[in-house]
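Trainee: What follows is the file start00.pdb, containing PDB, C-alpha atoms:
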ATOM      1  CA  MET A   1     287.879-138.728 -44.503
ATOM      2  CA  ALA A   2     290.960-140.435 -45.871
ATOM      3  CA  ARG A   3     288.910-142.975 -47.807
ATOM      4  CA  GLU A   4     287.528-140.332 -50.180
ATOM      5  CA  ASN A   5     291.004-139.577 -51.540
ATOM      6  CA  GLN A   6     291.983-143.172 -52.217
ATOM      7  CA  GLN A   7     292.376-144.191 -55.852
ATOM      8  CA  PRO A   8     291.041-147.536 -57.028
ATOM      9  CA  ASP A   9     293.661-150.272 -57.181
ATOM     10  CA  GLU A  10     294.640-150.391 -60.864
ATOM     11  CA  LYS A  11     295.352-154.129 -60.724
ATOM     12  CA  LYS A  12     291.875-154.844 -59.289
ATOM     13  CA  VAL A  13     290.196-152.651 -61.888
ATOM     14  CA  LYS A  14     292.071-154.369 -64.743
ATOM     15  CA  SER A  15     291.182-157.759 -63.301
ATOM     16  CA  ALA A  16     287.481-156.866 -63.086
ATOM     17  CA  VAL A  17     287.404-155.504 -66.640
ATOM     18  CA  SER A  18     289.240-158.568 -67.929
ATOM     19  CA  PHE A  19     286.798-160.841 -66.086
ATOM     20  CA  ILE A  20     283.867-159.148 -67.816
ATOM     21  CA  PHE A  21     285.302-158.995 -71.329
ATOM     22  CA  ASP A  22     287.007-162.406 -71.331
ATOM     23  CA  ALA A  23     283.957-164.362 -70.179
ATOM     24  CA  PRO A  24     282.932-167.306 -72.377
ATOM     25  CA  CYS A  25     280.340-166.153 -74.862
ATOM     26  CA  LYS A  26     278.654-169.338 -76.061
ATOM     27  CA  GLU A  27     275.067-168.818 -74.896
ATOM     28  CA  GLU A  28     274.397-172.522 -74.242
ATOM     29  CA  ILE A  29     277.312-172.717 -71.796
ATOM     30  CA  VAL A  30     276.726-169.314 -70.184
ATOM     31  CA  ALA A  31     273.077-170.189 -69.575
ATOM     32  CA  MET A  32     273.946-173.610 -68.142
ATOM     33  CA  ASP A  33     272.809-173.888 -64.551
ATOM     34  CA  CYS A  34     274.085-176.845 -62.563
ATOM     35  CA  ASN A  35     270.600-177.384 -61.138
ATOM     36  CA  ASP A  36     268.928-177.360 -64.548
ATOM     37  CA  TYR A  37     271.572-179.533 -66.228
ATOM     38  CA  CYS A  38     272.338-181.857 -63.329
ATOM     39  CA  GLU A  39     271.649-185.055 -65.265
ATOM     40  CA  GLN A  40     273.766-184.009 -68.263
ATOM     41  CA  LEU A  41     276.645-182.917 -66.010
ATOM     42  CA  ALA A  42     276.439-186.179 -64.083
ATOM     43  CA  GLU A  43     276.671-188.129 -67.357
ATOM     44  CA  LEU A  44     279.620-186.003 -68.445
ATOM     45  CA  ALA A  45     281.321-186.543 -65.077
ATOM     46  CA  GLU A  46     280.782-190.304 -65.444
ATOM     47  CA  GLN A  47     282.437-190.260 -68.861
ATOM     48  CA  VAL A  48     285.403-188.284 -67.498
ATOM     49  CA  ALA A  49     285.685-190.560 -64.457
ATOM     50  CA  LYS A  50     285.873-193.545 -66.817
ATOM     51  CA  GLY A  51     288.774-191.964 -68.710
ATOM     52  CA  GLY A  52     287.094-189.636 -71.187
ATOM     53  CA  GLN A  53     288.809-186.357 -71.934
ATOM     54  CA  LEU A  54     286.684-183.309 -71.183
ATOM     55  CA  GLU A  55     288.355-181.299 -73.958
ATOM     56  CA  GLU A  56     287.143-183.943 -76.430
ATOM     57  CA  LEU A  57     283.707-184.555 -74.893
ATOM     58  CA  LEU A  58     282.583-180.976 -74.401
ATOM     59  CA  PRO A  59     285.294-178.347 -74.943
ATOM     60  CA  GLU A  60     282.885-175.506 -74.220
ATOM     61  CA  TRP A  61     282.283-176.851 -70.713
ATOM     62  CA  GLU A  62     286.020-177.088 -70.126
ATOM     63  CA  GLN A  63     286.319-173.413 -71.114
ATOM     64  CA  HIS A  64     283.422-172.529 -68.808
ATOM     65  CA  MET A  65     285.056-174.330 -65.885
ATOM     66  CA  ALA A  66     288.372-172.634 -66.546
ATOM     67  CA  TYR A  67     286.563-169.343 -66.055
ATOM     68  CA  TRP A  68     284.143-170.247 -63.235
ATOM     69  CA  SER A  69     286.112-171.866 -60.417
ATOM     70  CA  ASP A  70     283.038-172.864 -58.379
ATOM     71  CA  CYS A  71     281.730-174.956 -61.294
ATOM     72  CA  ARG A  72     285.158-176.509 -61.788
ATOM     73  CA  GLU A  73     285.484-177.424 -58.106
ATOM     74  CA  GLU A  74     282.065-179.087 -57.993
ATOM     75  CA  PHE A  75     282.635-180.967 -61.247
ATOM     76  CA  GLU A  76     286.096-182.155 -60.144
ATOM     77  CA  ALA A  77     284.683-183.297 -56.804
ATOM     78  CA  LEU A  78     281.970-185.292 -58.570
ATOM     79  CA  VAL A  79     284.529-186.891 -60.895
ATOM     80  CA  ALA A  80     286.748-187.771 -57.907
ATOM     81  CA  VAL A  81     283.852-189.426 -56.065
ATOM     82  CA  LEU A  82     282.886-191.384 -59.171
ATOM     83  CA  LYS A  83     286.486-192.525 -59.724
ATOM     84  CA  ALA A  84     286.669-193.707 -56.120
ATOM     85  CA  GLU A  85     283.354-195.502 -56.523
ATOM     86  CA  TYR A  86     284.513-197.215 -59.717
ATOM     87  CA  ALA A  87     287.733-198.277 -57.993
ATOM     88  CA  ASP A  88     285.619-199.679 -55.139
ATOM     89  CA  GLU A  89     287.443-197.380 -52.739
ATOM     90  CA  LEU A  90     284.373-195.404 -51.773
ATOM     91  CA  SER A  91     282.515-198.239 -50.102
ATOM     92  CA  ASP A  92     285.631-199.096 -48.060
ATOM     93  CA  GLU A  93     285.946-195.487 -46.912
ATOM     94  CA  ILE A  94     282.256-195.278 -45.994
ATOM     95  CA  GLU A  95     282.524-198.527 -44.037
ATOM     96  CA  SER A  96     285.518-197.090 -42.187
ATOM     97  CA  ILE A  97     283.631-193.912 -41.294
ATOM     98  CA  ILE A  98     280.599-195.860 -40.122
ATOM     99  CA  ALA A  99     282.800-198.092 -37.957
ATOM    100  CA  ARG A 100     284.283-195.015 -36.248
ATOM    101  CA  THR A 101     280.937-193.265 -35.788
ATOM    102  CA  PRO A 102     279.136-193.949 -32.502
ATOM    103  CA  GLY A 103     275.372-194.162 -32.537
ATOM    104  CA  GLU A 104     272.806-196.052 -34.500
ATOM    105  CA  GLU A 105     273.874-198.867 -36.743
ATOM    106  CA  VAL A 106     273.496-198.030 -40.404
ATOM    107  CA  PRO A 107     272.290-200.829 -42.680
ATOM    108  CA  HIS A 108     275.022-201.963 -45.046
ATOM    109  CA  SER A 109     274.368-202.506 -48.716
ATOM    110  CA  PRO A 110     275.520-205.808 -50.255
TER     111      PRO A 110
END
What does this structure look like when you write it as structure tokens?
Mentor:
Amino acid sequence: MARENQQPDEKKVKSAVSFIFDAPCKEEIVAMDCNDYCEQLAELAEQVAKGGQLEELLPEWEQHMAYWSDCREEFEALVAVLKAEYADELSDEIESIIARTPGEEVPHSP
């Protein structure tokens, strides 16, 4: 079999080793689970959406998100939704989607 003679890709091995050894080490941040800390992350996202700087509010979380892209993507999405809501753009977009969607009428909030 040709596969038995293949050497591991040196770049991939270095990347994996770097990923392991460069991981953030602060236990509080490493142990943070989005499900367990949902309320705290929502409050942090609200502060960022209102103009707060993450590096000033919680620098450890910024470091965590720099390392874990899935956390960063979810946090950035939440901040974007909150910013749109604060700018009153979200309700307009929802109204537009509802208007284009056939089917049952959805009650509108005041």
Trainee: May I have the residues within 10 Å of Gln53 of chain A as a list in words, using only C-alpha atoms and disregarding those fewer than 6 positions away in the same chain?
Mentor: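 Neighbouring residues, sequence-local ones excluded: Leu44, Gln47, Pro59 and Glu62 of chain A.
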Trainee: If the PyMOL selection byres ((chain A and resi 58) around 12) were run on this exact file, what residues would it hold? Put them as a PDB file with C-alpha atoms, in the coordinates of the input.
Mentor:
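Written output follows (out-v9.pdb):
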ATOM      1  CA  GLU A  28     274.397-172.522 -74.242  1.00  0.00           C
ATOM      2  CA  ILE A  29     277.312-172.717 -71.796  1.00  0.00           C
ATOM      3  CA  GLN A  40     273.766-184.009 -68.263  1.00  0.00           C
ATOM      4  CA  LEU A  41     276.645-182.917 -66.010  1.00  0.00           C
ATOM      5  CA  GLU A  43     276.671-188.129 -67.357  1.00  0.00           C
ATOM      6  CA  LEU A  44     279.620-186.003 -68.445  1.00  0.00           C
ATOM      7  CA  ALA A  45     281.321-186.543 -65.077  1.00  0.00           C
ATOM      8  CA  GLN A  47     282.437-190.260 -68.861  1.00  0.00           C
ATOM      9  CA  VAL A  48     285.403-188.284 -67.498  1.00  0.00           C
ATOM     10  CA  GLY A  52     287.094-189.636 -71.187  1.00  0.00           C
ATOM     11  CA  GLN A  53     288.809-186.357 -71.934  1.00  0.00           C
ATOM     12  CA  LEU A  54     286.684-183.309 -71.183  1.00  0.00           C
ATOM     13  CA  GLU A  55     288.355-181.299 -73.958  1.00  0.00           C
ATOM     14  CA  GLU A  56     287.143-183.943 -76.430  1.00  0.00           C
ATOM     15  CA  LEU A  57     283.707-184.555 -74.893  1.00  0.00           C
ATOM     16  CA  PRO A  59     285.294-178.347 -74.943  1.00  0.00           C
ATOM     17  CA  GLU A  60     282.885-175.506 -74.220  1.00  0.00           C
ATOM     18  CA  TRP A  61     282.283-176.851 -70.713  1.00  0.00           C
ATOM     19  CA  GLU A  62     286.020-177.088 -70.126  1.00  0.00           C
ATOM     20  CA  GLN A  63     286.319-173.413 -71.114  1.00  0.00           C
ATOM     21  CA  HIS A  64     283.422-172.529 -68.808  1.00  0.00           C
ATOM     22  CA  MET A  65     285.056-174.330 -65.885  1.00  0.00           C
TER      23      MET A  65
END
Trainee: What does the distance from atom CA of Gly51 of chain A to atom CA of Glu73 of chain A come to in Å, to one decimal?
Mentor: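 According to the coordinates, atom CA of Gly51 of chain A and atom CA of Glu73 of chain A are separated by 18.3 Å.
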Trainee: So the first atom is atom CA of Cys71 of chain A and the second is atom CA of Glu39 of chain A; what is the distance between them in Å, to one decimal place?
Mentor: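 Atom CA of Cys71 of chain A sits 14.8 Å away from atom CA of Glu39 of chain A.
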Trainee: What separation in Å, quoted to one decimal, exists between atom CA of Asp70 of chain A and atom CA of Ser18 of chain A?
Mentor: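 Value for the atom CA of Asp70 of chain A-atom CA of Ser18 of chain A distance: 18.3 Å.
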Trainee: Identify, on the basis of only C-alpha atoms, every residue whose closest approach to Lys83 of chain A does not exceed 9 Å; exclude the query and any residue fewer than 4 positions from it along the same chain; express the result as a list in words.
Mentor: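 The residues that qualify are Glu46, Val48, Ala49, Lys50, Leu78, Val79, Ala87, Asp88, Glu89 and Leu90 of chain A.
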Trainee: Taking all atoms of segment 69-72 of chain A that the file lists, what box with edges along x, y and z, padded by 4 Å per side, do you get, with centre and edge lengths in Å to one decimal, as lines of an AutoDock Vina configuration file?
Mentor:
center_x = 283.9
center_y = -174.2
center_z = -60.1
size_x = 12.4
size_y = 12.6
size_z = 11.4
Trainee: A:Lys11, A:Ser96, A:Ala42, A:Tyr37: which is nearest Phe75 of chain A, counting all atoms listed in the file?
Mentor: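 Of all the options, A:Ala42 lies closest to Phe75 of chain A.
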